[in-house]
Amino acid sequence: MNASRSWPALALMLMAFTWPAAGFSTEDSERSTYNNKMALIGVLRESARERAVASGDLQTLCLILGIGVDVTDQYLQALDEDPALQERHQVMKADLDTCLVGLPTAD
């Protein structure tokens with residue numbers, strides 16, 4: 001698949017996932033938006049994990065993990081006090097820290 005052709009499809013998919021649906025309360029809409037973002041990040045994370053295993057590219061994996069942590073940080077700060085989501089957030093941070101430890105250092 002040509003990468004330049006996949007960007008418009010990815011953009012449309014992102015818009016469809018993050019566009020708030022009519023009839024949701026603000027909190028339901030925000031949770032739905034968060035869930036959709038995390039689903040997309042999950043797909044990217046799995047591809048980055050496969051790439052890291054195949055070629056040792058930990059930078060991309062760490063970047064994707066960091067984006068997931070940031071999205072969750074923003075959601076938790078704005079709306080949610082859910083203990084299960086806060087626990088998941090801690091696991092995500094631990095995964096990111098583990099990934100960052102594996103990155104080569106610039107000497």
# chains A, B, ... in the order shown; residues from 1 in each chain; ligands from 1
>>> residues_around(residues="A:Gln86", least_positions_apart="4", cutoff="10 Å", atoms="only C-alpha atoms", output="list in words")
Thr72, Asp73, Leu76, Asp80, Glu81, Asp82, Gln90, Val91 and Met92 of chain A
>>> write_last_selection(atoms="all heavy atoms", output="CSV table (one decimal), in the first residue's frame")
chain,number,residue,atom,x,y,z
A,72,THR,N,-4.1,10.1,28.1
A,72,THR,CA,-4.8,9.7,29.4
A,72,THR,C,-4.6,10.7,30.4
A,72,THR,O,-5.5,11.0,31.2
A,72,THR,CB,-4.2,8.3,29.8
A,72,THR,OG1,-4.4,7.4,28.7
A,72,THR,CG2,-4.9,7.8,31.0
A,73,ASP,N,-3.4,11.3,30.5
A,73,ASP,CA,-3.2,12.4,31.5
A,73,ASP,C,-4.3,13.5,31.3
A,73,ASP,O,-4.9,14.0,32.2
A,73,ASP,CB,-1.8,13.1,31.3
A,73,ASP,CG,-0.7,12.3,32.0
A,73,ASP,OD1,-0.9,11.5,32.9
A,73,ASP,OD2,0.5,12.6,31.5
A,76,LEU,N,-7.8,12.4,32.3
A,76,LEU,CA,-8.0,12.3,33.8
A,76,LEU,C,-8.0,13.6,34.4
A,76,LEU,O,-8.8,13.8,35.3
A,76,LEU,CB,-6.8,11.4,34.4
A,76,LEU,CG,-6.9,9.9,34.2
A,76,LEU,CD1,-5.6,9.3,34.6
A,76,LEU,CD2,-8.1,9.3,34.9
A,80,ASP,N,-12.2,12.6,34.6
A,80,ASP,CA,-12.4,11.3,35.2
A,80,ASP,C,-11.7,11.1,36.5
A,80,ASP,O,-10.5,11.4,36.6
A,80,ASP,CB,-12.1,10.2,34.2
A,80,ASP,CG,-12.9,9.0,34.5
A,80,ASP,OD1,-13.1,8.6,35.6
A,80,ASP,OD2,-13.4,8.4,33.5
A,81,GLU,N,-12.4,10.5,37.5
A,81,GLU,CA,-11.8,10.1,38.7
A,81,GLU,C,-11.8,8.6,38.9
A,81,GLU,O,-11.7,8.0,40.0
A,81,GLU,CB,-12.5,10.7,39.9
A,81,GLU,CG,-12.6,12.2,39.9
A,81,GLU,CD,-11.3,12.8,40.5
A,81,GLU,OE1,-10.7,12.2,41.4
A,81,GLU,OE2,-11.0,14.0,40.2
A,82,ASP,N,-12.0,7.9,37.8
A,82,ASP,CA,-12.2,6.4,37.8
A,82,ASP,C,-10.9,5.7,38.3
A,82,ASP,O,-9.8,5.8,37.6
A,82,ASP,CB,-12.5,6.0,36.3
A,82,ASP,CG,-12.7,4.5,36.2
A,82,ASP,OD1,-12.8,3.8,37.2
A,82,ASP,OD2,-12.7,4.0,35.0
A,90,GLN,N,-1.1,4.3,35.5
A,90,GLN,CA,0.1,3.9,36.1
A,90,GLN,C,0.9,2.8,35.4
A,90,GLN,O,2.1,2.9,35.2
A,90,GLN,CB,-0.1,3.5,37.6
A,90,GLN,CG,-0.6,4.7,38.5
A,90,GLN,CD,0.4,5.8,38.5
A,90,GLN,OE1,1.6,5.7,38.6
A,90,GLN,NE2,-0.2,7.0,38.4
A,91,VAL,N,0.1,1.8,34.9
A,91,VAL,CA,0.7,0.7,34.1
A,91,VAL,C,1.3,1.3,32.8
A,91,VAL,O,2.4,0.9,32.4
A,91,VAL,CB,-0.3,-0.4,33.9
A,91,VAL,CG1,0.2,-1.4,32.8
A,91,VAL,CG2,-0.7,-1.0,35.2
A,92,MET,N,0.6,2.2,32.2
A,92,MET,CA,1.0,2.8,30.9
A,92,MET,C,2.3,3.6,31.2
A,92,MET,O,3.3,3.5,30.4
A,92,MET,CB,0.0,3.8,30.4
A,92,MET,CG,-1.3,3.1,29.9
A,92,MET,SD,-2.6,4.2,29.5
A,92,MET,CE,-2.0,5.1,28.1
>>> closest_residue(among="A:Thr33, A:Arg88, A:Leu44, A:Ala78", to="A:Cys62", atoms="only C-alpha atoms")
A:Leu44
>>> atom_distance(atom1="atom CA of A:Val69", atom2="atom CA of A:Leu96")
8.0 Å
>>> residues_around(residues="A:Cys99", least_positions_apart="4", cutoff="9 Å", atoms="only C-alpha atoms", output="PyMOL selection string")
chain A and resi 58-59+61-62+65+94-95+103
>>> residues_around(residues="A:Val71", least_positions_apart="6", cutoff="10 Å", atoms="only C-alpha atoms", output="list in words")
Tyr34, Lys37, Met38, Ile41 and His89 of chain A
>>> write_last_selection(atoms="C-alpha atoms", output="compact mmCIF listing (two decimals), in the first residue's frame")
# COMPACT_ATOMS: atom_id res chain seq x y z
CA TYR A 34 -10.96 9.23 24.74
CA LYS A 37 -8.25 7.94 20.54
CA MET A 38 -6.92 5.09 22.65
CA ILE A 41 -3.20 4.57 19.58
CA HIS A 89 -2.53 5.06 33.64
>>> atom_distance(atom1="atom CA of A:Ala48", atom2="atom CA of A:Thr98")
15.0 Å
